[in-house]
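So this one's protein.cif, mmCIF, C-alpha atoms:
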```
data_input
#
loop_
_atom_site.group_PDB
_atom_site.id
_atom_site.type_symbol
_atom_site.label_atom_id
_atom_site.label_comp_id
_atom_site.auth_asym_id
_atom_site.auth_seq_id
_atom_site.Cartn_x
_atom_site.Cartn_y
_atom_site.Cartn_z
ATOM 1 C CA MET A 1 126.655 110.483 50.162
ATOM 2 C CA ASN A 2 126.049 111.983 53.627
ATOM 3 C CA ASN A 3 124.808 110.129 56.696
ATOM 4 C CA ARG A 4 121.285 111.498 56.337
ATOM 5 C CA THR A 5 120.963 110.097 52.809
ATOM 6 C CA LYS A 6 122.250 106.706 53.972
ATOM 7 C CA ARG A 7 119.670 106.607 56.774
ATOM 8 C CA GLN A 8 116.886 107.453 54.355
ATOM 9 C CA LYS A 9 117.939 104.695 51.954
ATOM 10 C CA GLY A 10 118.498 102.163 54.684
ATOM 11 C CA GLY A 11 115.085 102.756 56.220
ATOM 12 C CA MET A 12 113.944 100.676 59.177
ATOM 13 C CA GLY A 13 116.305 97.845 58.245
ATOM 14 C CA LEU A 14 119.319 100.003 59.012
ATOM 15 C CA TYR A 15 118.105 100.688 62.537
ATOM 16 C CA LEU A 16 117.223 97.018 63.091
ATOM 17 C CA ARG A 17 120.697 95.860 62.046
ATOM 18 C CA ARG A 18 122.459 98.553 64.025
ATOM 19 C CA ASP A 19 120.404 98.438 67.249
ATOM 20 C CA TRP A 20 119.002 94.896 67.187
ATOM 21 C CA GLN A 21 120.021 94.310 70.829
ATOM 22 C CA LEU A 22 117.820 97.217 71.946
ATOM 23 C CA TYR A 23 114.869 95.912 69.940
ATOM 24 C CA VAL A 24 115.265 92.471 71.488
ATOM 25 C CA LEU A 25 115.244 94.017 74.960
ATOM 26 C CA LEU A 26 112.148 96.003 73.978
ATOM 27 C CA LEU A 27 110.328 92.745 73.215
ATOM 28 C CA ILE A 28 110.287 91.848 76.930
ATOM 29 C CA PRO A 29 108.169 94.766 78.220
ATOM 30 C CA LEU A 30 106.161 94.781 74.983
ATOM 31 C CA SER A 31 105.282 91.115 75.456
ATOM 32 C CA PHE A 32 104.306 91.801 79.053
ATOM 33 C CA VAL A 33 101.930 94.582 77.979
ATOM 34 C CA LEU A 34 100.386 92.451 75.222
ATOM 35 C CA VAL A 35 99.884 89.397 77.429
ATOM 36 C CA PHE A 36 98.755 91.017 80.673
ATOM 37 C CA LYS A 37 97.156 94.255 79.419
ATOM 38 C CA TYR A 38 95.656 93.677 75.999
ATOM 39 C CA ALA A 39 94.981 89.924 75.922
ATOM 40 C CA PRO A 40 92.604 90.081 78.932
ATOM 41 C CA MET A 41 90.510 92.634 77.000
ATOM 42 C CA THR A 42 89.072 89.719 75.036
ATOM 43 C CA GLY A 43 87.082 89.044 78.203
ATOM 44 C CA LEU A 44 84.980 92.118 77.435
ATOM 45 C CA VAL A 45 82.978 89.903 75.093
ATOM 46 C CA LEU A 46 81.241 88.581 78.231
ATOM 47 C CA ALA A 47 79.299 91.855 78.367
ATOM 48 C CA PHE A 48 77.539 90.793 75.164
ATOM 49 C CA LYS A 49 76.908 87.157 76.124
ATOM 50 C CA ASN A 50 74.777 85.223 78.568
ATOM 51 C CA TYR A 51 77.876 83.696 80.082
ATOM 52 C CA LYS A 52 77.585 80.236 81.577
ATOM 53 C CA ILE A 53 80.630 78.621 83.118
ATOM 54 C CA ALA A 54 79.586 75.181 81.841
ATOM 55 C CA LYS A 55 79.387 76.425 78.233
ATOM 56 C CA GLY A 56 82.692 78.218 78.408
ATOM 57 C CA PHE A 57 83.982 81.530 77.201
ATOM 58 C CA TRP A 58 83.088 81.187 73.517
ATOM 59 C CA GLY A 59 80.261 78.680 73.833
ATOM 60 C CA SER A 60 77.910 80.951 75.763
ATOM 61 C CA GLU A 61 74.945 82.489 73.938
ATOM 62 C CA TRP A 62 75.469 85.855 72.217
ATOM 63 C CA VAL A 63 72.779 88.285 73.406
ATOM 64 C CA GLY A 64 74.083 91.617 72.083
ATOM 65 C CA PHE A 65 73.076 94.604 74.208
ATOM 66 C CA ASP A 66 70.497 92.710 76.286
ATOM 67 C CA VAL A 67 72.884 92.622 79.242
ATOM 68 C CA PHE A 68 73.258 96.406 79.117
ATOM 69 C CA MET A 69 69.476 96.903 78.921
ATOM 70 C CA ASP A 70 69.069 94.701 81.978
ATOM 71 C CA LEU A 71 71.909 96.566 83.695
ATOM 72 C CA PHE A 72 70.392 100.002 83.120
ATOM 73 C CA SER A 73 67.042 98.883 84.539
ATOM 74 C CA LYS A 74 68.515 97.866 87.903
ATOM 75 C CA HIS A 75 67.883 100.158 90.874
ATOM 76 C CA ASP A 76 71.341 99.359 92.263
ATOM 77 C CA PHE A 77 72.909 100.641 89.031
ATOM 78 C CA LEU A 78 71.467 104.153 89.413
ATOM 79 C CA ARG A 79 72.378 104.123 93.089
ATOM 80 C CA ALA A 80 75.934 103.078 92.296
ATOM 81 C CA ILE A 81 76.271 105.863 89.696
ATOM 82 C CA ARG A 82 75.003 108.435 92.197
ATOM 83 C CA ASN A 83 77.290 107.284 94.994
ATOM 84 C CA THR A 84 80.335 106.971 92.728
ATOM 85 C CA LEU A 85 79.900 110.504 91.390
ATOM 86 C CA LEU A 86 79.156 111.859 94.879
ATOM 87 C CA LEU A 87 82.153 110.289 96.623
ATOM 88 C CA ASN A 88 84.604 110.945 93.797
ATOM 89 C CA GLY A 89 83.254 114.450 93.235
ATOM 90 C CA LEU A 90 83.792 115.335 96.897
ATOM 91 C CA ASP A 91 87.217 113.693 96.726
ATOM 92 C CA LEU A 92 88.033 115.831 93.694
ATOM 93 C CA VAL A 93 87.064 118.983 95.588
ATOM 94 C CA PHE A 94 88.940 118.249 98.810
ATOM 95 C CA SER A 95 91.662 115.678 98.082
ATOM 96 C CA PHE A 96 92.711 117.535 94.929
ATOM 97 C CA SER A 97 92.612 121.125 96.201
ATOM 98 C CA LEU A 98 93.969 120.764 99.750
ATOM 99 C CA PRO A 99 97.424 119.465 98.656
ATOM 100 C CA ILE A 100 97.848 122.670 96.631
ATOM 101 C CA VAL A 101 97.129 124.777 99.723
ATOM 102 C CA LEU A 102 99.408 122.618 101.863
ATOM 103 C CA ALA A 103 102.238 122.835 99.309
ATOM 104 C CA LEU A 104 101.940 126.630 99.286
ATOM 105 C CA LEU A 105 102.111 126.696 103.087
ATOM 106 C CA LEU A 106 105.110 124.366 103.253
ATOM 107 C CA ASN A 107 106.863 126.391 100.588
ATOM 108 C CA GLU A 108 106.720 129.423 102.887
ATOM 109 C CA ILE A 109 108.535 127.585 105.700
ATOM 110 C CA LYS A 110 112.164 128.678 105.806
ATOM 111 C CA ASN A 111 113.401 126.107 108.333
ATOM 112 C CA VAL A 112 114.612 123.313 106.040
ATOM 113 C CA ARG A 113 114.713 120.596 108.730
ATOM 114 C CA PHE A 114 111.200 121.388 109.984
ATOM 115 C CA LYS A 115 109.974 121.427 106.400
ATOM 116 C CA ARG A 116 111.464 117.997 105.620
ATOM 117 C CA VAL A 117 110.018 116.467 108.798
ATOM 118 C CA ASN A 118 106.558 117.705 107.862
ATOM 119 C CA GLN A 119 106.909 116.364 104.330
ATOM 120 C CA THR A 120 107.876 112.937 105.664
ATOM 121 C CA VAL A 121 105.040 112.830 108.196
ATOM 122 C CA LEU A 122 102.484 113.844 105.566
ATOM 123 C CA TYR A 123 103.815 111.370 103.001
ATOM 124 C CA LEU A 124 103.923 108.266 105.229
ATOM 125 C CA PRO A 125 100.148 107.461 105.084
ATOM 126 C CA HIS A 126 100.488 106.997 101.322
ATOM 127 C CA PHE A 127 102.379 103.731 101.954
ATOM 128 C CA LEU A 128 99.709 102.236 104.235
ATOM 129 C CA SER A 129 97.221 99.797 102.721
ATOM 130 C CA TRP A 130 93.534 100.494 103.160
ATOM 131 C CA VAL A 131 93.171 97.325 105.218
ATOM 132 C CA ILE A 132 95.525 98.791 107.822
ATOM 133 C CA ILE A 133 93.918 102.233 107.586
ATOM 134 C CA GLY A 134 90.443 100.701 108.012
ATOM 135 C CA ALA A 135 91.532 98.795 111.118
ATOM 136 C CA ILE A 136 93.080 101.946 112.606
ATOM 137 C CA ALA A 137 89.950 103.954 111.765
ATOM 138 C CA TYR A 138 87.672 101.532 113.616
ATOM 139 C CA GLN A 139 90.011 101.474 116.612
ATOM 140 C CA LEU A 140 89.940 105.269 116.781
ATOM 141 C CA LEU A 141 86.426 106.151 115.622
ATOM 142 C CA SER A 142 84.238 103.257 116.746
ATOM 143 C CA GLU A 143 81.190 104.523 118.624
ATOM 144 C CA GLY A 144 81.307 101.936 121.389
ATOM 145 C CA ASN A 145 84.966 101.760 122.369
ATOM 146 C CA GLY A 146 86.867 103.976 119.921
ATOM 147 C CA VAL A 147 89.700 106.038 121.377
ATOM 148 C CA VAL A 148 88.285 109.329 120.075
ATOM 149 C CA ASN A 149 84.798 108.642 121.429
ATOM 150 C CA ASN A 150 86.229 107.543 124.771
ATOM 151 C CA ILE A 151 88.034 110.877 125.057
ATOM 152 C CA ILE A 152 84.884 112.784 124.076
ATOM 153 C CA PHE A 153 82.865 110.837 126.669
ATOM 154 C CA MET A 154 85.465 111.482 129.383
ATOM 155 C CA LEU A 155 85.266 115.219 128.632
ATOM 156 C CA GLY A 156 81.499 115.132 129.133
ATOM 157 C CA GLY A 157 80.379 114.946 125.504
ATOM 158 C CA GLU A 158 78.199 112.435 123.692
ATOM 159 C CA ARG A 159 79.605 109.656 121.572
ATOM 160 C CA ILE A 160 79.600 110.370 117.840
ATOM 161 C CA PRO A 161 78.781 107.564 115.355
ATOM 162 C CA PHE A 162 81.643 108.401 113.001
ATOM 163 C CA LEU A 163 81.417 105.088 111.139
ATOM 164 C CA GLN A 164 78.004 103.835 112.287
ATOM 165 C CA GLN A 165 75.698 106.464 110.758
ATOM 166 C CA ASP A 166 75.499 107.315 107.039
ATOM 167 C CA ASN A 167 76.122 111.075 107.105
ATOM 168 C CA HIS A 168 78.894 110.765 109.707
ATOM 169 C CA TRP A 169 80.379 107.885 107.684
ATOM 170 C CA LEU A 170 80.497 110.099 104.590
ATOM 171 C CA PHE A 171 82.375 112.819 106.484
ATOM 172 C CA SER A 172 84.792 110.275 107.983
ATOM 173 C CA TYR A 173 85.328 108.659 104.571
ATOM 174 C CA LEU A 174 86.339 111.997 103.053
ATOM 175 C CA ALA A 175 88.522 113.027 105.992
ATOM 176 C CA ILE A 176 90.402 109.725 106.015
ATOM 177 C CA GLY A 177 90.880 109.883 102.233
ATOM 178 C CA VAL A 178 92.276 113.407 102.412
ATOM 179 C CA TRP A 179 94.656 112.352 105.189
ATOM 180 C CA GLN A 180 95.882 109.344 103.206
ATOM 181 C CA SER A 181 96.389 111.073 99.845
ATOM 182 C CA MET A 182 97.367 114.612 100.822
ATOM 183 C CA GLY A 183 101.080 113.887 101.204
ATOM 184 C CA TRP A 184 101.455 112.441 97.698
ATOM 185 C CA GLY A 185 99.876 115.454 96.016
ATOM 186 C CA THR A 186 101.825 117.854 98.204
ATOM 187 C CA ILE A 187 105.151 116.293 97.198
ATOM 188 C CA ILE A 188 104.291 116.652 93.498
ATOM 189 C CA TYR A 189 103.346 120.308 93.867
ATOM 190 C CA LEU A 190 106.424 121.071 95.967
ATOM 191 C CA ALA A 191 108.610 119.515 93.269
ATOM 192 C CA SER A 192 106.915 121.741 90.695
ATOM 193 C CA ILE A 193 107.329 124.803 92.907
ATOM 194 C CA SER A 194 111.054 124.107 93.318
ATOM 195 C CA SER A 195 111.542 124.588 89.556
ATOM 196 C CA ILE A 196 110.239 128.175 89.600
ATOM 197 C CA ASN A 197 112.879 130.780 88.756
ATOM 198 C CA PRO A 198 113.798 132.660 91.989
ATOM 199 C CA GLU A 199 114.170 135.850 89.978
ATOM 200 C CA MET A 200 110.391 135.931 89.607
ATOM 201 C CA TYR A 201 110.010 136.181 93.391
ATOM 202 C CA GLU A 202 112.723 138.833 93.528
ATOM 203 C CA ALA A 203 110.881 140.885 90.913
ATOM 204 C CA ALA A 204 107.637 140.510 92.824
ATOM 205 C CA THR A 205 109.350 141.636 96.031
ATOM 206 C CA VAL A 206 110.714 144.723 94.283
ATOM 207 C CA ASP A 207 107.165 145.506 93.124
ATOM 208 C CA GLY A 208 106.029 145.399 96.746
ATOM 209 C CA ALA A 209 104.242 142.034 96.729
ATOM 210 C CA GLY A 210 104.053 140.200 100.051
ATOM 211 C CA ARG A 211 104.235 136.437 100.554
ATOM 212 C CA TRP A 212 100.568 135.746 99.853
ATOM 213 C CA ARG A 213 100.541 138.009 96.814
ATOM 214 C CA GLN A 214 103.636 136.197 95.516
ATOM 215 C CA ALA A 215 101.941 132.851 96.070
ATOM 216 C CA TRP A 216 98.834 133.986 94.175
ATOM 217 C CA ASN A 217 100.533 135.832 91.304
ATOM 218 C CA VAL A 218 103.781 133.867 90.929
ATOM 219 C CA THR A 219 103.583 130.383 92.456
ATOM 220 C CA ILE A 220 100.123 129.265 91.353
ATOM 221 C CA PRO A 221 100.458 130.511 87.727
ATOM 222 C CA SER A 222 103.875 128.821 87.515
ATOM 223 C CA ILE A 223 102.522 125.405 88.547
ATOM 224 C CA ARG A 224 99.206 125.542 86.697
ATOM 225 C CA VAL A 225 100.441 123.035 84.091
ATOM 226 C CA THR A 226 101.008 120.515 86.900
ATOM 227 C CA ILE A 227 97.609 121.361 88.381
ATOM 228 C CA VAL A 228 95.852 120.840 85.046
ATOM 229 C CA THR A 229 97.703 117.559 84.391
ATOM 230 C CA LEU A 230 96.717 116.116 87.771
ATOM 231 C CA LEU A 231 93.177 117.411 87.304
ATOM 232 C CA ILE A 232 92.887 115.509 84.019
ATOM 233 C CA LEU A 233 94.146 112.324 85.692
ATOM 234 C CA ASN A 234 91.678 112.753 88.563
ATOM 235 C CA LEU A 235 88.775 113.420 86.210
ATOM 236 C CA GLY A 236 89.573 110.145 84.477
ATOM 237 C CA LYS A 237 89.126 108.334 87.786
ATOM 238 C CA ILE A 238 85.886 110.041 88.806
ATOM 239 C CA MET A 239 83.863 106.998 87.674
ATOM 240 C CA GLU A 240 86.189 104.504 89.325
ATOM 241 C CA GLY A 241 86.363 105.082 93.046
ATOM 242 C CA SER A 242 88.452 103.092 95.466
ATOM 243 C CA PHE A 243 87.118 99.594 96.089
ATOM 244 C CA GLU A 244 89.688 98.938 98.824
ATOM 245 C CA ARG A 245 88.889 102.197 100.621
ATOM 246 C CA ILE A 246 85.128 101.603 100.692
ATOM 247 C CA PHE A 247 85.455 97.900 101.511
ATOM 248 C CA ALA A 248 87.787 98.652 104.440
ATOM 249 C CA LEU A 249 85.474 101.284 105.934
ATOM 250 C CA MET A 250 82.010 99.888 105.125
ATOM 251 C CA ASN A 251 79.775 98.033 107.587
ATOM 252 C CA LYS A 252 76.178 96.797 107.794
ATOM 253 C CA ALA A 253 75.013 99.909 109.661
ATOM 254 C CA THR A 254 76.031 102.286 106.854
ATOM 255 C CA THR A 255 74.770 101.248 103.434
ATOM 256 C CA GLU A 256 73.531 104.529 101.925
ATOM 257 C CA PHE A 257 76.810 105.567 100.278
ATOM 258 C CA THR A 258 78.789 102.316 100.087
ATOM 259 C CA THR A 259 77.170 100.932 96.918
ATOM 260 C CA THR A 260 79.487 102.248 94.213
ATOM 261 C CA ILE A 261 80.402 100.887 90.781
ATOM 262 C CA PRO A 262 83.505 98.912 91.905
ATOM 263 C CA VAL A 263 81.579 97.448 94.867
ATOM 264 C CA LEU A 264 78.660 96.519 92.602
ATOM 265 C CA VAL A 265 81.013 94.841 90.122
ATOM 266 C CA TYR A 266 82.381 92.757 93.000
ATOM 267 C CA ARG A 267 78.910 91.840 94.278
ATOM 268 C CA TRP A 268 77.517 90.894 90.892
ATOM 269 C CA GLY A 269 80.638 89.159 89.604
ATOM 270 C CA ILE A 270 82.373 87.515 92.565
ATOM 271 C CA GLU A 271 79.545 87.102 95.080
ATOM 272 C CA SER A 272 76.595 86.409 92.741
ATOM 273 C CA GLY A 273 78.440 84.867 89.799
ATOM 274 C CA ASN A 274 76.717 87.071 87.209
ATOM 275 C CA PHE A 275 79.882 87.697 85.214
ATOM 276 C CA SER A 276 78.109 89.123 82.161
ATOM 277 C CA ARG A 277 76.391 91.888 84.131
ATOM 278 C CA ALA A 278 79.558 92.650 86.113
ATOM 279 C CA THR A 279 81.595 92.882 82.891
ATOM 280 C CA ALA A 280 78.989 95.154 81.300
ATOM 281 C CA LEU A 281 79.107 97.471 84.310
ATOM 282 C CA GLY A 282 82.905 97.519 84.250
ATOM 283 C CA LEU A 283 82.907 98.270 80.503
ATOM 284 C CA PHE A 284 80.394 101.091 80.998
ATOM 285 C CA GLN A 285 82.591 102.535 83.735
ATOM 286 C CA ALA A 286 85.711 102.374 81.540
ATOM 287 C CA VAL A 287 84.022 104.021 78.542
ATOM 288 C CA ILE A 288 82.681 106.919 80.627
ATOM 289 C CA GLY A 289 86.103 107.361 82.248
ATOM 290 C CA LEU A 290 87.774 107.445 78.812
ATOM 291 C CA ILE A 291 85.289 110.058 77.591
ATOM 292 C CA LEU A 292 85.959 112.226 80.640
ATOM 293 C CA VAL A 293 89.739 112.014 80.135
ATOM 294 C CA LEU A 294 89.481 112.900 76.435
ATOM 295 C CA ALA A 295 87.099 115.780 77.182
ATOM 296 C CA ALA A 296 89.334 117.143 79.954
ATOM 297 C CA ASP A 297 92.411 116.812 77.746
ATOM 298 C CA ARG A 298 90.673 118.637 74.894
ATOM 299 C CA ILE A 299 89.574 121.455 77.196
ATOM 300 C CA ALA A 300 93.103 121.750 78.611
ATOM 301 C CA LYS A 301 94.593 121.957 75.112
ATOM 302 C CA LYS A 302 92.022 124.560 74.117
ATOM 303 C CA LEU A 303 92.849 126.646 77.170
ATOM 304 C CA GLY A 304 96.549 126.239 76.375
ATOM 305 C CA GLU A 305 96.029 127.479 72.821
ATOM 306 C CA ASP A 306 94.170 130.506 74.201
ATOM 307 C CA GLY A 307 97.056 131.224 76.582
ATOM 308 C CA LEU A 308 94.987 130.580 79.708
ATOM 309 C CA ILE A 309 97.237 127.781 80.964
#
```
Represent the structure of the file as structure tokens.
Amino acid sequence: MNNRTKRQKGGMGLYLRRDWQLYVLLLIPLSFVLVFKYAPMTGLVLAFKNYKIAKGFWGSEWVGFDVFMDLFSKHDFLRAIRNTLLLNGLDLVFSFSLPIVLALLLNEIKNVRFKRVNQTVLYLPHFLSWVIIGAIAYQLLSEGNGVVNNIIFMLGGERIPFLQQDNHWLFSYLAIGVWQSMGWGTIIYLASISSINPEMYEAATVDGAGRWRQAWNVTIPSIRVTIVTLLILNLGKIMEGSFERIFALMNKATTEFTTTIPVLVYRWGIESGNFSRATALGLFQAVIGLILVLAADRIAKKLGEDGLI
């Protein structure tokens, strides 16, 4: 009787007896996921109840989809949807595409030391919290005494309300987000570029292709799987937004674009104590995000089957 036959007869019990230590170790992370990831999902039942703290989690009245009907009728809900899609859509255009361009530019630099210094400088903002970034932004961009506006005023220009006027705030929000996230995306694309076979560039050179033609016809097609993967991940977050980023940069003078889904969940749940409505909004956000991820993944697989990626 060969080893394969023995494994088939032994079934799962054979693996449990042979590798029981590994299965015991696996119980630790599995328990963590069950307790801290799946167990809290029972709280989603609040979206279908008129939750009262005094009545408790299970004692509150079951109201079905009444909470969602009330949610969809709120003016702030439609405003939050608009702002979330607007901010995340613009982020997807700029924060997703610019790292690709930057990675292509850095890949053309032949000085290794200069290249590494630039990578480090670009990557450092990724480690800063949004609280720190928000404080720095107000020190630099404040209309009254910001460093940038002081320099503009000294040069004879007028002060610009970077963070004190809605349209200027939107531009500053995007610029700061690109600055903070660009280094992370650039590192990922550079790592993907480093795996490209050098012979492909040599063949392109023999065919008379210059640097930009090589980047367009060799580099980008070679990293398109990475691009599509990150695009799917970003599409899944298009309904989320960054609560910390908005909360660190928002102020009372700019309220047009700061009401997003995460901010509204905080206001309804933490500030107002309407936990049922906040849970319903969070559940709606999660379901739409899941649909977007599944749709993007399906499209990517379809394109892959057709040989387009």
(request) May I ask which of the residues A:Ser242, A:Ser97, A:Ser129, A:Thr219 is the closest one to Thr259 of chain A, counting all atoms listed in the file? (result) A:Ser242
(request) Rank A:Trp212, A:Tyr15, A:Tyr173, A:Tyr201 by their smallest atom-to-atom distance to Ala248 of chain A, using all atoms listed in the file, and report the top residue only. (result) A:Tyr173
(request) With a distance cut-off of 12 Å and all atoms listed in the file, select the neighbouring residues of Phe72 of chain A, excluding the residue or stretch itself and same-chain residues fewer than 4 positions from it, and output the selection as a PyMOL selection string. (result) chain A and resi 65-68+76-81+277+280-281+284
Just write the chosen residues, C-alpha atoms, as a compact mmCIF listing (two decimals), in the frame of the given file.
```
# COMPACT_ATOMS: atom_id res chain seq x y z
CA PHE A 65 73.08 94.60 74.21
CA ASP A 66 70.50 92.71 76.29
CA VAL A 67 72.88 92.62 79.24
CA PHE A 68 73.26 96.41 79.12
CA ASP A 76 71.34 99.36 92.26
CA PHE A 77 72.91 100.64 89.03
CA LEU A 78 71.47 104.15 89.41
CA ARG A 79 72.38 104.12 93.09
CA ALA A 80 75.93 103.08 92.30
CA ILE A 81 76.27 105.86 89.70
CA ARG A 277 76.39 91.89 84.13
CA ALA A 280 78.99 95.15 81.30
CA LEU A 281 79.11 97.47 84.31
CA PHE A 284 80.39 101.09 81.00
```
(request) With a distance cut-off of 12 Å and only C-alpha atoms, select the neighbouring residues of Trp216 of chain A, excluding the residue or stretch itself and same-chain residues fewer than 6 positions from it, and output the selection as number ranges by chain. (result) A: 100-101, 104-105, 201, 204, 209-210, 222-224
Box dimensions and centre (Å, one decimal) enclosing segment 101-119 of chain A, axis-aligned, 5 Å extra per side, as lines of an AutoDock Vina configuration file:
```
center_x = 105.9
center_y = 122.9
center_z = 104.6
size_x = 27.6
size_y = 23.1
size_z = 20.7
```
(request) Could you check how far atom CA of Tyr138 of chain A sits from atom CA of Leu124 of chain A, in Å to one decimal? (result)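 According to the coordinates, atom CA of Tyr138 of chain A and atom CA of Leu124 of chain A are separated by 19.5 Å.
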(request) Taking the file above as input, evaluate the PyMOL selection byres ((chain A and resi 192) around 10) and report the hits as an MDAnalysis selection string. (result) chainID A and resid 103 186:191 193:196 219 222:227
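Residue membership of the PyMOL selection byres ((chain A and resi 55-62) around 12) in the shown file amounts to A:Thr42, A:Gly43, A:Leu44, A:Val45, A:Leu46, A:Ala47, A:Phe48, A:Lys49, A:Asn50, A:Tyr51, A:Lys52, A:Ile53, A:Ala54, A:Val63, A:Gly64, A:Phe65, A:Asp66, A:Val67, A:Phe275, A:Ser276.
Using all atoms listed in the file for every distance, the candidate list A:Asn107, A:Asn234, A:Ser181, A:Asn197 yields A:Ser181 as the residue closest to Trp130 of chain A.
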(request) Could you check which of A:Met250, A:Ile136, A:Ala39, A:Ala278 is closest to Asp70 of chain A, using only C-alpha atoms? (result)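 Between A:Met250, A:Ile136, A:Ala39, A:Ala278, the residue approaching Asp70 of chain A most closely is A:Ala278.
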Just say which residues the PyMOL selection byres ((chain A and resi 91) around 10) picks in this file, as a PDB file with C-alpha atoms, in the coordinates of the input.
```pdb
ATOM      1  CA  LEU A  85      79.900 110.504  91.390  1.00  0.00           C
ATOM      2  CA  LEU A  86      79.156 111.859  94.879  1.00  0.00           C
ATOM      3  CA  LEU A  87      82.153 110.289  96.623  1.00  0.00           C
ATOM      4  CA  ASN A  88      84.604 110.945  93.797  1.00  0.00           C
ATOM      5  CA  GLY A  89      83.254 114.450  93.235  1.00  0.00           C
ATOM      6  CA  LEU A  90      83.792 115.335  96.897  1.00  0.00           C
ATOM      7  CA  LEU A  92      88.033 115.831  93.694  1.00  0.00           C
ATOM      8  CA  VAL A  93      87.064 118.983  95.588  1.00  0.00           C
ATOM      9  CA  PHE A  94      88.940 118.249  98.810  1.00  0.00           C
ATOM     10  CA  SER A  95      91.662 115.678  98.082  1.00  0.00           C
ATOM     11  CA  PHE A  96      92.711 117.535  94.929  1.00  0.00           C
ATOM     12  CA  SER A  97      92.612 121.125  96.201  1.00  0.00           C
ATOM     13  CA  TYR A 173      85.328 108.659 104.571  1.00  0.00           C
ATOM     14  CA  LEU A 174      86.339 111.997 103.053  1.00  0.00           C
ATOM     15  CA  ALA A 175      88.522 113.027 105.992  1.00  0.00           C
ATOM     16  CA  GLY A 177      90.880 109.883 102.233  1.00  0.00           C
ATOM     17  CA  VAL A 178      92.276 113.407 102.412  1.00  0.00           C
ATOM     18  CA  ASN A 234      91.678 112.753  88.563  1.00  0.00           C
ATOM     19  CA  ILE A 238      85.886 110.041  88.806  1.00  0.00           C
ATOM     20  CA  GLY A 241      86.363 105.082  93.046  1.00  0.00           C
TER      21      GLY A 241
END
```
(request) Pick out the closest residue to Val228 of chain A from this set: A:Val263, A:Met12, A:Val287, A:Ala300. Count all atoms listed in the file. (result)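 Comparing A:Val263, A:Met12, A:Val287, A:Ala300 against Val228 of chain A, the winner is A:Ala300.
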(request) Identify which of the residues A:Leu264, A:Ile299, A:Met69, A:Leu106 lies closest to Ala215 of chain A, counting only C-alpha atoms when measuring atom-to-atom distances. (result)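 Of A:Leu264, A:Ile299, A:Met69, A:Leu106, the one nearest Ala215 of chain A, counting only C-alpha atoms, is A:Leu106.
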(message) I'd like the interatomic distance between atom CA of Phe171 of chain A and atom CA of Val147 of chain A, to a tenth of an Å.
(response)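 So the two atoms, atom CA of Phe171 of chain A and atom CA of Val147 of chain A, lie 17.9 Å apart.
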(request) With a distance cut-off of 12 Å and only C-alpha atoms, select the neighbouring residues of His168 of chain A, excluding the residue or stretch itself and same-chain residues fewer than 4 positions from it, and output the selection as a PyMOL selection string. (result) chain A and resi 141-143+159-164+172-175+253-254+256-257
